[in-house]
Each structure stands twice: as C-alpha cells, then as structure tokens.
Amino acid sequence: MFPTSIIAQQLGSGLHGLGLGAVGFDWSSICSYLGSPLASPWFATANIAAGFVIFMYVITPIAYWLNLYHARRFPIFSDGLFTSNGQKYNISAIMDSNFHLDIEAYEREGPLYLSTIFAMSYGIGFACLSATLIHVLLFHGSDILQLTTIFICEYYNDQLQLPWWGVMLACLVAISFTLPVGVIRATTNQAPTLNVITEYIIGYMYPGYPVANMLFKVYGNVSMKQAIFFLQDFKLGHYMKIPPRAMFAAQVLGTIIAALVHLGTMWWLMNTVPNLCDRELLPTGSPWTCPGDHVFYDASVIWGLIGPRRIFGDLGHYSAINWFFLVGALAPLFVWLAHKAFPNKEWIRLITMPVLLGALSDMPPATAVNYTSWVLVGFASGFIVYRYYRGWWSRHNYVLSGALDAGLAFMGVLLYLCLGMEHINLNWWGSDSDGCPLASCPTAPGVKSKACPLF
C-alpha cells in the first residue's frame with residue numbers, strides 16, 4: 001500500500017518494525033518464543049499484552065523519534081551491531097587471534113551502537129530482574145521456606161576462557177534465582193530469564209573474553225531454566241502418580257538422549273545446509289537465518305568482548321539504561337501498595353510485573369508478529385472461549401494445544417526430509433511473509449544503507 005514510505009513500513013512490518021496489524025497464522029510463529037498461548041492463564045496473557053503494548057507502541061517510538069542514542073541512524077528493529085554512522089560493525093577488526101578485545105583496534109573502529117529495540121530490550125531486562133526479586137519478596141515472601149540445594153559444577157577448560165570460579169559463580173546464580181523464578185512460573189506459566197544479569201556479572205568481572213561470557217550465561221541462565229523444566233516434570237509426574245525415582249531416571253535419560261541428538265543434528269545441519277545462518281548469502285525466504293544464534297553472538301560481543309563498562313557503564317553511551325533497574329524495583333512496590341490500599345480489588349493482585357516485563361526478554365530475536373499473534377490466540381482461548389464456552393474449553397483446550405505442538409514438530413521433520421533435503425522450494429504468495437523491505441531503513445539525514453532511499 002505504501003511501497004516508498006519508510007515510516008509506513010516501519011509501522012506495519014511484523015518482522016522488522018512495530019507490527020501494527022501484523023498477524024501470523026503459522027503455529028510455529030505463534031508459539032516459538034512464549035510457548036503455547038492455549039496453556040497461558042488469561043491474567044498472564046493480559047500482563048504480556050500490556051507489556052508488549054507499552055514497550056512496542058510507547059517506549060520504542062518515543063525513543064526512536066526523539067533520536068535517543070542516535071536511534072534514527074539505525075533500523076528501528078534489528079539485532080545487528082552498528083558503527084556511529086549506521087554501518088555494520090566489523091567485529092573481526094577488534095578481535096585478536098585469541099578472541100580477546102584489541103583495545104587499540106576498538107579505539108580506531110569507535111563505539112558500538114544498537115538499534116532502538118535492542119537497546120530498550122536490555123533496559124527491560126534490567127527492570128525485569130529487579131521486579132522479579134521485589135515481586136516475589138512482597139507477594140510470596142511469607143510463604144517461602146529455607147531452601148537447601150546441593151550442586152555439582154563441571155570442570156573447566158582454559159581454551160574456553162572461563163576459570164573455575166566462573167563456573168562456581170554461575171551455578172550459584174542459577175541456584176539463587178531458581179526459587180523466585182519458579183514461583184513466577186508456577187503462577188503465570190511464564191518465566192523471567194537470567195541472560196542479561198549473567199552477562200552483566202561476568203562482563204564486569206571478566207571483560208574482553210566473549211567465549212567465557214557465553215559459557216557463564218549458559219551455566220547461569222540455561223541451568224536455571226532446565227531446573228524449572230525439571231520441576232515442571234516432577235509436578236506433572238506427581239499428578240500422574242509416577243514414582244519419583246522412576247521420574248528422575250526418565251529425566252536423566254531424556255536429557256542425555258536430547259544432548260546427543262541436538263549435538264548430532266547441529267553438526268549434520270552445518271555440513272548439509274550451505275551458508276547456514278549467513279543472512280547475506282542465504283536466498284530470500286530461507287528458513288536457516290538463525291535469529292536466536294545471531295542474538296546470542298551479538299550478546300557475546302556486547303557483554304563479553306567489549307564489556308558492559310564500555311557500553312552501559314561510565315565509558316559507554318548507554319549508561320542511562322541502568323535506571324531501568326530502579327524502575328523494575330519500584331513497579332511491583334506500587335502494585336503491592338495499591339493491593340494493600342484496595343484489598344477488595346482482586347484484579348490489582350493479578351498485575352504481575354515480572355511477567356509484564358519479562359515476556360519481552362525474547363525480543364529480539366522474537367518479532368512483533370510473534371507477540372500480536374500470541375496475544376490474539378490467548379485472548380480467544382483464555383477469555384472468550386473460557387468465559388462463554390467453558391465446557392468446550394475444559395474438554396478440548398489443552399488437548400488442542402498438545403496436538404498443535406506435536407503436529408508442528410512432526411510436520412517440521414517431515415517437510416525437511418521430503419522437501420528440504422531435496423532442495424525443493426515452494427514459492428507462493430505467502431513466501432513473502434513481510435512485504436516491507438524498507439522497514440529496516442534508517443531515517444536520519446545523510447545515512448546510507450543498502451537498498452534504502454537517502455533522507
């Protein structure tokens with residue numbers, strides 16, 4: 001409709017913009033980041049919807065059009081890393097042969113810049129961390145008993161850059177947050193992540209080592225997530241009256257099998273898919289763009305190679321984003337005070353700031369269309385069907401959710417084996433999933449970008 005308007009395409013693009021009116025009908029795009037919306041209680045869906053609207057349609061446009069941190073020199077939505085003039089940052093130029101930061105080269109290249117969405121998402125991550133601790137303390141503090149956990153940490157390898165104390169600290173972080181995050185997960189079916197705080201901690205304590213930063217995040221964040229998944233399985237096994245020892249043995253066996261299958265699949269794809277994850281060389285419409293891996297890599301550069309001090313600290317230009325820690329700490333306090341002042345208003349207690357903020361931690365790589373589609377399906381299931389067709393919802397809602405998840409996994413494997421391995425492409429009107437090529441263009445005067453008009 002607006003083939004030459006950058007602003008219109010920024011507003012409408014579901015993949016590279018704000019996603020106004022963008023909706024996806026593919027179940028993989030709906031449940032890929034937030035899980036099945038059919039399994040989310042309506043109050044949690046409403047919290048996520050509110051957080052998404054505030055972040056995407058209030059904070060982001062204001063920050064972009066006020067040109068905070070030179071935002072208009074870069075795409076409004078991107079997981080890329082940029083120089084001050086809007087060009088792609090050459091990461092290889094600031095790294096030595098040992099994957100350490102070359103300070104002199106960094107000074108020559110200049111500071112690193114982020115898109116508006118990317119920068120604000122880190123601020124939301126800061127707020128979510130403090131909000132999680134304060135929320136659990138205020139609303140569930142009296143119910144939490146002393147918890148004792150025994151843990152074992154793996155050995156370290158000098159080639160992986162992370163010293164032994166880094167592994168121990170990561171395990172301690174994971175253990176410390178398992179309880180508060182578990183409380184949020186148990187009541188809302190959403191779990192805040194620790195990726196930002198783990199990157200922040202090791203980035204300050206051990207700057208200039210990107211591989212160490214990635215490992216610390218894996219040990220600290222992913223270990224906590226796996227602990228939550230283990231607890232979920234134990235809860236399900238308890239409801240199904242499965243003996244705890246048998247349940248634990250099945251979990252351990254499943255973990256070993258999954259690790260081996262994932263590793264084998266990864267090597268297989270790297271050897272069979274040409275230009276895997278290389279967006280510049282992959283053909284248009286290729287599914288092998290690896291958005292999550294790109295963000296993981298960018299985070300290792302931001303927090304590990306360059307370090308938080310040079311970006312979010314006293315040496316960086318994004319230091320004001322640290323105020324989000326205070327915002328996140330105060331937000332649940334205001335909700336708690338409102339609940340105490342109006343105890344008869346039950347809806348106030350349902351405002352869960354860690355969910356409202358934490359659901360946005362996946363953006364990027366998640367895009368606007370992932371959230372708009374998820375919220376619409378969650379509203380249809382958790383509000384409309386639950387309220388007006390309770391019998392149908394009770395009988396079919398969770399069965400339908402499981403069926404869609406299972407069907408997606410089965411069809412994904414089947415399509416790759418039957419079509420992907422034979423390099424057969426289906427080109428139809430739905431292949432161009434976005435149709436907004438100018439959404440990633442900068443709007444600052446004089447900034448040049450490939451295939452973009454010059455302002």
# chains A, B, ... in the order shown; residues from 1 in each chain; ligands from 1

$ residues_around --residues "A:Pro192" --least-positions-apart "2" --cutoff "8 Å" --atoms "only C-alpha atoms" --output "list in words"
Cys128, Leu129, Thr132, Val181, Ile184, Gln190, Leu194, Pro354, Val355, Gly358, Ala359 and Ser361 of chain A

$ write_last_selection --atoms "N, CA and C atoms" --output "compact mmCIF listing (two decimals), in the first residue's frame"
# COMPACT_ATOMS: atom_id res chain seq x y z
N CYS A 128 13.18 -6.21 34.61
CA CYS A 128 12.56 -7.49 34.93
C CYS A 128 13.28 -8.20 36.07
N LEU A 129 14.61 -8.12 36.06
CA LEU A 129 15.39 -8.79 37.11
C LEU A 129 15.03 -8.25 38.49
N THR A 132 11.40 -9.07 39.52
CA THR A 132 11.19 -10.46 39.95
C THR A 132 11.50 -10.62 41.43
N VAL A 181 12.11 -17.40 40.43
CA VAL A 181 11.63 -17.60 39.07
C VAL A 181 10.63 -18.75 39.02
N ILE A 184 7.19 -17.51 39.98
CA ILE A 184 6.54 -16.81 38.87
C ILE A 184 6.04 -17.81 37.83
N GLN A 190 4.80 -18.31 32.86
CA GLN A 190 5.86 -17.55 32.20
C GLN A 190 7.03 -17.44 33.17
N LEU A 194 17.58 -15.18 32.98
CA LEU A 194 18.74 -14.58 33.64
C LEU A 194 19.83 -14.22 32.64
N PRO A 354 6.91 -8.97 36.88
CA PRO A 354 7.92 -9.81 36.22
C PRO A 354 7.44 -10.42 34.91
N VAL A 355 6.15 -10.74 34.82
CA VAL A 355 5.60 -11.28 33.57
C VAL A 355 5.41 -10.16 32.56
N GLY A 358 9.08 -9.36 31.77
CA GLY A 358 9.93 -10.49 31.37
C GLY A 358 9.56 -11.11 30.05
N ALA A 359 8.29 -11.00 29.65
CA ALA A 359 7.87 -11.61 28.39
C ALA A 359 8.58 -10.97 27.20
N SER A 361 11.72 -10.22 27.06
CA SER A 361 13.15 -10.53 27.04
C SER A 361 13.56 -11.30 25.79

$ closest_atom_pairs --of "stretch 196-314 of chain A" --to "stretch 176-180 of chain A" --cutoff "12 Å" --atoms "only C-alpha atoms" --output "Markdown table"
| residue | atom | partner | partner_atom | distance |
| --- | --- | --- | --- | --- |
| A:Ile197 | CA | A:Phe177 | CA | 10.9 |
| A:Thr198 | CA | A:Phe177 | CA | 11.3 |
| A:Gly220 | CA | A:Phe177 | CA | 9.4 |
| A:Asn221 | CA | A:Phe177 | CA | 9.3 |
| A:Val222 | CA | A:Thr178 | CA | 11.0 |
| A:Ser223 | CA | A:Thr178 | CA | 9.2 |
| A:Met224 | CA | A:Thr178 | CA | 5.7 |
| A:Lys225 | CA | A:Thr178 | CA | 8.0 |
| A:Gln226 | CA | A:Thr178 | CA | 9.7 |
| A:Ala227 | CA | A:Thr178 | CA | 7.1 |
| A:Ile228 | CA | A:Thr178 | CA | 6.9 |
| A:Phe229 | CA | A:Thr178 | CA | 10.7 |
| A:Phe230 | CA | A:Thr178 | CA | 11.2 |
| A:Leu231 | CA | A:Thr178 | CA | 10.0 |

$ atom_distance --atom1 "atom CA of A:Ile30" --atom2 "atom CA of A:Thr367"
10.5 Å

$ select_by_dssp --residues "stretch 81-254 of chain A" --states "strand (DSSP E)" --output "number ranges by chain"
A: 81-82, 113-114

$ residues_around --residues "stretch 277-281 of chain A" --least-positions-apart "5" --cutoff "6 Å" --atoms "only C-alpha atoms" --output "NGL selection string"
:A and (288-290)

$ closest_residue --among "A:Val369, A:Ile94, A:Met168, A:Ala22" --to "A:Arg108" --atoms "only C-alpha atoms"
A:Ile94

$ closest_residue --among "A:Pro207, A:Asn90, A:Ile424, A:Tyr386" --to "A:Arg310" --atoms "only C-alpha atoms"
A:Pro207

$ atom_distance --atom1 "atom CA of A:Gly446" --atom2 "atom CA of A:Gly14"
26.3 Å

$ closest_residue --among "A:Leu114, A:Val58, A:Met411, A:Leu360" --to "A:Asp298" --atoms "only C-alpha atoms"
A:Leu114

$ atom_distance --atom1 "atom CA of A:Ala119" --atom2 "atom CA of A:Ala320"
10.9 Å

$ closest_residue --among "A:Ile117, A:Pro274, A:Gly313, A:Lys88" --to "A:Phe52" --atoms "only C-alpha atoms"
A:Ile117

$ residues_around --residues "A:Met353" --least-positions-apart "5" --cutoff "7 Å" --atoms "only C-alpha atoms" --output "NGL selection string"
:A and (131 or 331-332)

$ write_last_selection --atoms "all heavy atoms" --output "PDB file, in the first residue's frame"
ATOM      1  N   ALA A 131      12.412  -6.484  39.292  1.00  0.00           N
ATOM      2  CA  ALA A 131      10.988  -6.671  39.547  1.00  0.00           C
ATOM      3  C   ALA A 131      10.693  -8.085  40.045  1.00  0.00           C
ATOM      4  O   ALA A 131       9.825  -8.276  40.908  1.00  0.00           O
ATOM      5  CB  ALA A 131      10.190  -6.387  38.275  1.00  0.00           C
ATOM      6  N   ALA A 331       8.253  -0.778  40.420  1.00  0.00           N
ATOM      7  CA  ALA A 331       6.980  -1.154  39.803  1.00  0.00           C
ATOM      8  C   ALA A 331       6.170  -2.137  40.653  1.00  0.00           C
ATOM      9  O   ALA A 331       4.986  -1.875  40.936  1.00  0.00           O
ATOM     10  CB  ALA A 331       7.224  -1.710  38.404  1.00  0.00           C
ATOM     11  N   PRO A 332       6.732  -3.277  41.107  1.00  0.00           N
ATOM     12  CA  PRO A 332       5.927  -4.173  41.945  1.00  0.00           C
ATOM     13  C   PRO A 332       5.599  -3.580  43.308  1.00  0.00           C
ATOM     14  O   PRO A 332       4.589  -3.945  43.921  1.00  0.00           O
ATOM     15  CB  PRO A 332       6.812  -5.426  42.080  1.00  0.00           C
ATOM     16  CG  PRO A 332       8.180  -4.973  41.773  1.00  0.00           C
ATOM     17  CD  PRO A 332       8.051  -3.849  40.807  1.00  0.00           C
TER      18      PRO A 332
END

$ closest_residue --among "A:Gln9, A:Thr284, A:Ser449, A:Thr187" --to "A:Ala44" --atoms "only C-alpha atoms"
A:Thr187
